[in-house]
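Dropping protein-v8.cif in here (mmCIF, C-alpha atoms):
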```cif
data_target
#
loop_
_atom_site.group_PDB
_atom_site.id
_atom_site.type_symbol
_atom_site.label_atom_id
_atom_site.label_comp_id
_atom_site.auth_asym_id
_atom_site.auth_seq_id
_atom_site.Cartn_x
_atom_site.Cartn_y
_atom_site.Cartn_z
ATOM 1 C CA GLN A 1 -30.345 51.831 12.048
ATOM 2 C CA GLN A 2 -28.546 50.689 15.178
ATOM 3 C CA GLN A 3 -30.302 47.323 15.219
ATOM 4 C CA VAL A 4 -28.636 43.976 14.816
ATOM 5 C CA LYS A 5 -30.999 41.341 13.449
ATOM 6 C CA GLN A 6 -30.313 37.742 14.479
ATOM 7 C CA SER A 7 -31.762 34.455 13.235
ATOM 8 C CA PRO A 8 -32.909 31.839 13.897
ATOM 9 C CA GLN A 9 -34.538 32.332 17.277
ATOM 10 C CA SER A 10 -33.871 28.699 18.179
ATOM 11 C CA LEU A 11 -31.872 25.837 16.749
ATOM 12 C CA ILE A 12 -31.810 22.113 17.478
ATOM 13 C CA VAL A 13 -28.986 19.919 16.187
ATOM 14 C CA GLN A 14 -27.562 16.527 16.944
ATOM 15 C CA LYS A 15 -24.097 16.063 18.372
ATOM 16 C CA GLY A 16 -21.509 16.546 15.638
ATOM 17 C CA GLY A 17 -23.756 18.823 13.594
ATOM 18 C CA ILE A 18 -22.773 22.325 12.448
ATOM 19 C CA PRO A 19 -25.269 24.925 13.686
ATOM 20 C CA ILE A 20 -25.119 28.269 11.872
ATOM 21 C CA ILE A 21 -26.411 31.518 13.369
ATOM 22 C CA ASN A 22 -26.830 34.584 11.180
ATOM 23 C CA CYS A 23 -26.796 38.294 11.916
ATOM 24 C CA ALA A 24 -27.332 41.401 9.818
ATOM 25 C CA TYR A 25 -26.753 45.095 10.470
ATOM 26 C CA GLU A 26 -27.336 48.440 8.756
ATOM 27 C CA ASN A 27 -24.987 50.910 10.408
ATOM 28 C CA THR A 28 -21.611 50.976 8.634
ATOM 29 C CA ALA A 29 -20.081 52.757 11.637
ATOM 30 C CA PHE A 30 -19.987 49.485 13.563
ATOM 31 C CA ASP A 31 -16.307 48.601 13.970
ATOM 32 C CA TYR A 32 -16.219 45.305 15.845
ATOM 33 C CA PHE A 33 -18.451 42.243 15.880
ATOM 34 C CA PRO A 34 -18.242 39.913 18.902
ATOM 35 C CA TRP A 35 -20.239 36.789 19.646
ATOM 36 C CA TYR A 36 -21.261 35.955 23.192
ATOM 37 C CA GLN A 37 -22.366 32.684 24.763
ATOM 38 C CA GLN A 38 -24.741 32.761 27.706
ATOM 39 C CA PHE A 39 -25.757 29.897 29.983
ATOM 40 C CA PRO A 40 -28.893 30.156 32.169
ATOM 41 C CA GLY A 41 -28.296 32.324 35.229
ATOM 42 C CA LYS A 42 -24.923 33.557 33.968
ATOM 43 C CA GLY A 43 -23.631 36.669 32.263
ATOM 44 C CA PRO A 44 -22.630 36.575 28.578
ATOM 45 C CA ALA A 45 -19.113 35.274 27.919
ATOM 46 C CA LEU A 46 -17.076 36.458 24.938
ATOM 47 C CA LEU A 47 -16.656 33.610 22.467
ATOM 48 C CA ILE A 48 -15.004 35.052 19.370
ATOM 49 C CA ALA A 49 -14.914 38.434 17.630
ATOM 50 C CA ILE A 50 -14.028 39.865 14.228
ATOM 51 C CA ARG A 51 -13.199 43.233 12.684
ATOM 52 C CA PRO A 52 -14.919 44.311 9.431
ATOM 53 C CA ASP A 53 -11.678 44.186 7.404
ATOM 54 C CA VAL A 54 -11.445 40.395 7.914
ATOM 55 C CA SER A 55 -13.688 37.898 6.089
ATOM 56 C CA GLU A 56 -13.226 34.902 8.361
ATOM 57 C CA LYS A 57 -11.870 34.104 11.798
ATOM 58 C CA LYS A 58 -11.528 30.683 13.365
ATOM 59 C CA GLU A 59 -10.914 29.840 17.024
ATOM 60 C CA GLY A 60 -11.121 26.183 17.897
ATOM 61 C CA ARG A 61 -14.519 24.852 16.809
ATOM 62 C CA PHE A 62 -15.981 28.359 16.349
ATOM 63 C CA THR A 63 -15.784 30.273 13.048
ATOM 64 C CA ILE A 64 -17.086 33.708 12.132
ATOM 65 C CA SER A 65 -17.777 34.483 8.489
ATOM 66 C CA PHE A 66 -18.096 38.178 7.670
ATOM 67 C CA ASN A 67 -19.551 39.702 4.495
ATOM 68 C CA LYS A 68 -18.949 43.450 4.633
ATOM 69 C CA SER A 69 -20.755 44.274 1.368
ATOM 70 C CA ALA A 70 -23.871 42.386 2.456
ATOM 71 C CA LYS A 71 -23.575 43.673 6.044
ATOM 72 C CA GLN A 72 -23.984 40.155 7.350
ATOM 73 C CA PHE A 73 -21.986 37.869 9.599
ATOM 74 C CA SER A 74 -22.480 34.387 10.920
ATOM 75 C CA LEU A 75 -21.245 31.960 13.549
ATOM 76 C CA HIS A 76 -20.518 28.324 12.707
ATOM 77 C CA ILE A 77 -19.953 25.756 15.446
ATOM 78 C CA MET A 78 -18.063 22.728 14.161
ATOM 79 C CA ASP A 79 -18.577 19.279 15.705
ATOM 80 C CA SER A 80 -21.175 20.646 18.135
ATOM 81 C CA GLN A 81 -21.381 19.055 21.586
ATOM 82 C CA PRO A 82 -24.169 18.906 24.188
ATOM 83 C CA GLY A 83 -22.075 21.299 26.301
ATOM 84 C CA ASP A 84 -22.532 23.932 23.561
ATOM 85 C CA SER A 85 -26.236 24.129 24.447
ATOM 86 C CA ALA A 86 -26.692 27.773 25.390
ATOM 87 C CA THR A 87 -28.011 31.070 24.060
ATOM 88 C CA TYR A 88 -25.761 32.826 21.562
ATOM 89 C CA PHE A 89 -25.800 36.555 20.923
ATOM 90 C CA CYS A 90 -24.172 38.443 18.100
ATOM 91 C CA ALA A 91 -23.277 42.046 18.771
ATOM 92 C CA ALA A 92 -21.832 45.097 17.070
ATOM 93 C CA SER A 93 -19.753 47.829 18.633
ATOM 94 C CA ILE A 94 -20.154 51.566 18.033
ATOM 95 C CA PRO A 95 -17.523 52.438 19.785
ATOM 96 C CA ASP A 96 -17.513 50.646 23.153
ATOM 97 C CA LYS A 97 -21.305 50.511 23.135
ATOM 98 C CA LEU A 98 -22.457 47.028 22.260
ATOM 99 C CA ILE A 99 -25.674 46.539 20.300
ATOM 100 C CA PHE A 100 -26.887 42.971 20.775
ATOM 101 C CA GLY A 101 -29.013 40.747 18.599
ATOM 102 C CA THR A 102 -32.058 39.068 20.097
ATOM 103 C CA GLY A 103 -30.284 35.758 20.703
ATOM 104 C CA THR A 104 -30.421 32.183 19.411
ATOM 105 C CA ARG A 105 -31.178 29.334 21.775
ATOM 106 C CA LEU A 106 -29.119 26.339 20.678
ATOM 107 C CA GLN A 107 -29.856 22.816 21.839
ATOM 108 C CA VAL A 108 -27.429 20.030 20.954
ATOM 109 C CA PHE A 109 -28.751 16.516 21.547
ATOM 110 C CA PRO A 110 -26.457 13.501 22.082
ATOM 111 C CA GLU B 1 -6.788 37.983 37.862
ATOM 112 C CA THR B 2 -10.188 38.686 39.404
ATOM 113 C CA GLY B 3 -13.205 38.710 37.129
ATOM 114 C CA VAL B 4 -16.184 41.062 37.181
ATOM 115 C CA THR B 5 -18.329 40.649 40.277
ATOM 116 C CA GLN B 6 -21.802 42.011 40.975
ATOM 117 C CA SER B 7 -23.951 42.288 44.063
ATOM 118 C CA PRO B 8 -26.503 41.377 45.091
ATOM 119 C CA THR B 9 -27.306 38.261 43.064
ATOM 120 C CA HIS B 10 -31.054 38.666 43.403
ATOM 121 C CA LEU B 11 -33.253 41.498 44.582
ATOM 122 C CA ILE B 12 -36.988 41.959 45.017
ATOM 123 C CA LYS B 13 -38.458 45.450 45.213
ATOM 124 C CA THR B 14 -41.905 46.990 44.948
ATOM 125 C CA ARG B 15 -43.040 49.581 42.436
ATOM 126 C CA GLY B 16 -41.934 53.108 43.309
ATOM 127 C CA GLN B 17 -38.943 52.025 45.394
ATOM 128 C CA GLN B 18 -35.307 52.795 44.651
ATOM 129 C CA VAL B 19 -32.512 50.266 44.113
ATOM 130 C CA THR B 20 -28.712 50.325 43.996
ATOM 131 C CA LEU B 21 -26.726 47.635 42.223
ATOM 132 C CA ARG B 22 -22.972 47.253 42.565
ATOM 133 C CA CYS B 23 -20.175 46.115 40.278
ATOM 134 C CA SER B 24 -16.477 45.506 40.787
ATOM 135 C CA SER B 25 -14.530 45.633 37.552
ATOM 136 C CA GLN B 26 -11.961 43.086 36.465
ATOM 137 C CA SER B 27 -8.455 43.750 37.711
ATOM 138 C CA GLY B 28 -6.658 46.253 35.456
ATOM 139 C CA HIS B 29 -9.849 47.536 33.803
ATOM 140 C CA ASN B 30 -10.847 51.207 33.970
ATOM 141 C CA THR B 31 -14.206 51.320 32.185
ATOM 142 C CA VAL B 32 -17.571 49.971 33.279
ATOM 143 C CA SER B 33 -20.710 49.561 31.168
ATOM 144 C CA TRP B 34 -24.183 48.625 32.371
ATOM 145 C CA TYR B 35 -26.752 46.640 30.408
ATOM 146 C CA GLN B 36 -30.360 45.611 31.035
ATOM 147 C CA GLN B 37 -31.421 42.168 29.820
ATOM 148 C CA ALA B 38 -35.143 41.460 29.853
ATOM 149 C CA LEU B 39 -36.227 37.832 29.841
ATOM 150 C CA GLY B 40 -35.649 36.240 26.441
ATOM 151 C CA GLN B 41 -33.985 39.349 25.020
ATOM 152 C CA GLY B 42 -30.485 40.533 24.274
ATOM 153 C CA PRO B 43 -28.773 42.958 26.663
ATOM 154 C CA GLN B 44 -29.513 46.647 26.085
ATOM 155 C CA PHE B 45 -26.891 49.305 26.763
ATOM 156 C CA ILE B 46 -27.773 51.648 29.642
ATOM 157 C CA PHE B 47 -24.578 53.722 30.023
ATOM 158 C CA GLN B 48 -20.811 53.570 30.365
ATOM 159 C CA TYR B 49 -18.452 55.129 32.908
ATOM 160 C CA TYR B 50 -14.829 56.079 32.326
ATOM 161 C CA ARG B 51 -12.707 58.152 34.698
ATOM 162 C CA GLU B 52 -15.695 58.530 36.998
ATOM 163 C CA GLU B 53 -17.788 60.251 34.317
ATOM 164 C CA GLU B 54 -20.655 59.041 32.165
ATOM 165 C CA ASN B 55 -19.301 58.280 28.707
ATOM 166 C CA GLY B 56 -22.267 57.404 26.531
ATOM 167 C CA ARG B 57 -25.857 56.558 27.346
ATOM 168 C CA GLY B 58 -28.500 54.368 25.769
ATOM 169 C CA ASN B 59 -32.219 55.002 25.500
ATOM 170 C CA PHE B 60 -32.996 54.930 29.223
ATOM 171 C CA PRO B 61 -34.753 57.638 31.292
ATOM 172 C CA PRO B 62 -32.915 59.834 33.831
ATOM 173 C CA ARG B 63 -34.198 57.733 36.745
ATOM 174 C CA PHE B 64 -31.417 55.340 35.718
ATOM 175 C CA SER B 65 -28.198 56.856 37.048
ATOM 176 C CA GLY B 66 -24.756 55.639 37.931
ATOM 177 C CA LEU B 67 -21.444 56.294 39.598
ATOM 178 C CA GLN B 68 -17.898 55.139 39.123
ATOM 179 C CA PHE B 69 -15.463 55.255 42.013
ATOM 180 C CA PRO B 70 -11.676 55.900 41.992
ATOM 181 C CA ASN B 71 -11.062 52.125 42.229
ATOM 182 C CA TYR B 72 -13.156 51.748 39.023
ATOM 183 C CA SER B 73 -16.017 49.959 40.754
ATOM 184 C CA SER B 74 -19.468 51.228 39.856
ATOM 185 C CA GLU B 75 -23.054 51.561 41.017
ATOM 186 C CA LEU B 76 -26.297 51.589 39.065
ATOM 187 C CA ASN B 77 -29.180 53.399 40.733
ATOM 188 C CA VAL B 78 -32.768 53.153 39.593
ATOM 189 C CA ASN B 79 -35.402 55.435 41.133
ATOM 190 C CA ALA B 80 -39.187 55.120 41.044
ATOM 191 C CA LEU B 81 -39.083 51.478 40.028
ATOM 192 C CA GLU B 82 -41.602 50.274 37.470
ATOM 193 C CA LEU B 83 -42.774 46.731 36.766
ATOM 194 C CA ASP B 84 -40.934 46.806 33.407
ATOM 195 C CA ASP B 85 -37.641 47.356 35.234
ATOM 196 C CA SER B 86 -37.697 43.663 36.167
ATOM 197 C CA ALA B 87 -34.675 42.242 34.367
ATOM 198 C CA LEU B 88 -31.139 40.921 34.677
ATOM 199 C CA TYR B 89 -28.758 43.849 35.094
ATOM 200 C CA LEU B 90 -25.311 43.182 33.722
ATOM 201 C CA CYS B 91 -22.100 45.016 34.345
ATOM 202 C CA ALA B 92 -19.202 44.748 31.910
ATOM 203 C CA SER B 93 -15.682 46.030 32.411
ATOM 204 C CA SER B 94 -12.988 46.835 29.861
ATOM 205 C CA LEU B 95 -9.626 48.538 29.538
ATOM 206 C CA ARG B 96 -9.889 51.671 27.431
ATOM 207 C CA THR B 97 -7.167 51.750 24.796
ATOM 208 C CA SER B 98 -6.887 53.249 21.339
ATOM 209 C CA GLY B 99 -8.621 50.344 19.639
ATOM 210 C CA TYR B 100 -11.728 48.330 20.416
ATOM 211 C CA ASN B 101 -11.986 47.481 24.080
ATOM 212 C CA GLU B 102 -13.340 43.993 24.721
ATOM 213 C CA GLN B 103 -16.009 43.912 27.379
ATOM 214 C CA PHE B 104 -16.144 41.196 30.016
ATOM 215 C CA PHE B 105 -19.440 40.619 31.759
ATOM 216 C CA GLY B 106 -20.285 39.826 35.340
ATOM 217 C CA PRO B 107 -22.937 37.266 36.341
ATOM 218 C CA GLY B 108 -25.624 39.928 36.703
ATOM 219 C CA THR B 109 -28.151 40.977 39.314
ATOM 220 C CA ARG B 110 -31.674 39.656 38.862
ATOM 221 C CA LEU B 111 -34.119 42.434 39.835
ATOM 222 C CA THR B 112 -37.789 41.649 40.321
ATOM 223 C CA VAL B 113 -40.233 44.531 40.746
ATOM 224 C CA LEU B 114 -43.608 43.616 42.229
#
```
Once more with this new file: its structure as structure tokens, please.
Amino acid sequence: QQQVKQSPQSLIVQKGGIPIINCAYENTAFDYFPWYQQFPGKGPALLIAIRPDVSEKKEGRFTISFNKSAKQFSLHIMDSQPGDSATYFCAASIPDKLIFGTGTRLQVFP
Amino acid sequence: ETGVTQSPTHLIKTRGQQVTLRCSSQSGHNTVSWYQQALGQGPQFIFQYYREEENGRGNFPPRFSGLQFPNYSSELNVNALELDDSALYLCASSLRTSGYNEQFFGPGTRLTVL
């Protein structure tokens, strides 16, 4: 019940495309949903986060959509760039303990 | 503002040995969490330290232990190393407040157990 399911496992888009990464959870006690970006050999870096009482949050080219009733949330990357090529993890917090999804490897080609 | 730092960067040990990993939290943060990230997987929560005491633990055996010092830095100790302990070990620091406390990760220590 404390799992966070993430899909797809990998994603390939061309520059300018809008990759979408989806996550689903079961535990309604989760109170915060961050997304992390990780480059090879580096630790995860916080990208954007949302609380369950908000349906959408936008920061720059990154948007989280949150559907509380469906227990699903997703990350959209607008106008994707080759520099966005990285592994993206969704996570859920219960409290201060982060449960991570399995990750999505995104490749953006010029 | 100084970010989260970890040492060493890489470490090679043999099965049965013991290892100590170190983490310095970001300036102003008082809470440290440790995660294990196996290759190709998401990080898994090991435990969290606040005010020098363990404050929550994931599904890891007792041979994984930790410490937090008065300056909020932390150590992760793993005894009786097993091959499956090979992973990237991540430290994350945060400032405990009344709401959600965003966690900021260090670069990790890559542990290889032979």
Requested in this report: Identify, on the basis of only C-alpha atoms, every residue whose closest approach to stretch 16-31 of chain A does not exceed 7 Å; exclude the query and any residue fewer than 6 positions from it along the same chain; express the result as number ranges by chain.
Outcome: A: 1-8, 51-52, 71-81, 90, 92-94
Query raised in the report: What does the distance from atom CA of B:Gln48 to atom CA of B:His10 come to in Å, to one decimal?
Result: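 Computing the Euclidean distance for atom CA of B:Gln48 and atom CA of B:His10 yields 22.3 Å.
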Where does chain A meet chain B within 12 Å, residue by residue, with the nearest atom pair and distance in Å to one decimal for each, counting all atoms listed in the file, listed by chain and rising number, as a Markdown table?
```
| residue | atom | partner | partner_atom | distance |
| --- | --- | --- | --- | --- |
| A:Gln2 | CA | B:Gly58 | CA | 11.2 |
| A:Gln3 | CA | B:Gln44 | CA | 10.9 |
| A:Val4 | CA | B:Gly42 | CA | 10.2 |
| A:Lys5 | CA | B:Gly42 | CA | 10.9 |
| A:Gln6 | CA | B:Gly42 | CA | 10.2 |
| A:Gln9 | CA | B:Gly40 | CA | 10.0 |
| A:Ser10 | CA | B:Gly40 | CA | 11.3 |
| A:Phe30 | CA | B:Tyr100 | CA | 10.8 |
| A:Asp31 | CA | B:Tyr100 | CA | 7.9 |
| A:Tyr32 | CA | B:Tyr100 | CA | 7.1 |
| A:Phe33 | CA | B:Tyr100 | CA | 10.1 |
| A:Pro34 | CA | B:Glu102 | CA | 8.6 |
| A:Trp35 | CA | B:Glu102 | CA | 11.2 |
| A:Tyr36 | CA | B:Phe105 | CA | 9.9 |
| A:Gln37 | CA | B:Phe105 | CA | 11.0 |
| A:Gln38 | CA | B:Pro107 | CA | 9.9 |
| A:Phe39 | CA | B:Pro107 | CA | 10.1 |
| A:Pro40 | CA | B:Pro107 | CA | 10.2 |
| A:Gly41 | CA | B:Pro107 | CA | 7.4 |
| A:Lys42 | CA | B:Pro107 | CA | 4.8 |
| A:Gly43 | CA | B:Pro107 | CA | 4.2 |
| A:Pro44 | CA | B:Phe105 | CA | 6.1 |
| A:Ala45 | CA | B:Phe105 | CA | 6.6 |
| A:Leu46 | CA | B:Phe104 | CA | 7.0 |
| A:Leu47 | CA | B:Phe104 | CA | 10.7 |
| A:Ile48 | CA | B:Glu102 | CA | 10.6 |
| A:Ala49 | CA | B:Glu102 | CA | 9.1 |
| A:Ile50 | CA | B:Tyr100 | CA | 10.7 |
| A:Arg51 | CA | B:Tyr100 | CA | 9.4 |
| A:Thr87 | CA | B:Gly40 | CA | 9.5 |
| A:Tyr88 | CA | B:Gly42 | CA | 9.4 |
| A:Phe89 | CA | B:Gly42 | CA | 7.0 |
| A:Cys90 | CA | B:Gly42 | CA | 9.1 |
| A:Ala91 | CA | B:Gly42 | CA | 9.2 |
| A:Ala92 | CA | B:Tyr100 | CA | 11.1 |
| A:Ser93 | CA | B:Tyr100 | CA | 8.2 |
| A:Ile94 | CA | B:Tyr100 | CA | 9.3 |
| A:Pro95 | CA | B:Tyr100 | CA | 7.1 |
| A:Asp96 | CA | B:Asn101 | CA | 6.4 |
| A:Lys97 | CA | B:Phe45 | CA | 6.8 |
| A:Leu98 | CA | B:Phe45 | CA | 6.7 |
| A:Ile99 | CA | B:Gln44 | CA | 6.9 |
| A:Phe100 | CA | B:Gly42 | CA | 5.6 |
| A:Gly101 | CA | B:Gly42 | CA | 5.9 |
| A:Thr102 | CA | B:Gly42 | CA | 4.7 |
| A:Gly103 | CA | B:Gly42 | CA | 6.0 |
| A:Thr104 | CA | B:Gly40 | CA | 9.7 |
| A:Arg105 | CA | B:Gly40 | CA | 9.5 |
```
Query raised in the report: Mind pulling up the distance from atom CA of B:Arg15 to atom CA of B:Ala80?
Result: 6.9 Å
Query raised in the report: What is the distance, in Å and to one decimal place, between atom CA of B:Thr112 and atom CA of B:Arg22?
Result: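 So the answer is 16.0 Å.
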**Report entry** Residue members of the PyMOL selection byres ((chain B and resi 28) around 9) in the file shown, as a ChimeraX atom specification
**Finding:** /B:1,25-27,29-30,94-95
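The residues returned by the PyMOL selection byres ((chain A and resi 54) around 9) on the shown structure are Ile50, Arg51, Pro52, Asp53, Ser55, Glu56, Lys57, Ser65, Phe66, Asn67 and Lys68 of chain A.
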Kindly provide, as AutoDock Vina command-line options, the centre and edge lengths (Å, one decimal) of an axis-aligned box around all atoms of stretch 51-61 of chain A given in the file, with 5 Å on each side.
```
--center_x -12.9 --center_y 34.6 --center_z 12.0 --size_x 14.0 --size_y 29.5 --size_z 21.8
```
Requested in this report: Would you mind listing what lies within 7 Å of B:Cys23 as an MDAnalysis selection string, with only C-alpha atoms counted and same-chain residues fewer than 6 positions away left out?
Outcome: chainID B and resid 5:7 73:75 91
Query raised in the report: Using the chain letters and numbers from the file, which residues does the PyMOL selection byres ((chain B and resi 61) around 12) grab, as a count of residues only?
Result: 17
Query - Top pick for closest residue to B:Gln68, considering B:Val113, B:Leu83, B:Leu21, B:Val32 and counting all atoms listed in the file - result: B:Val32
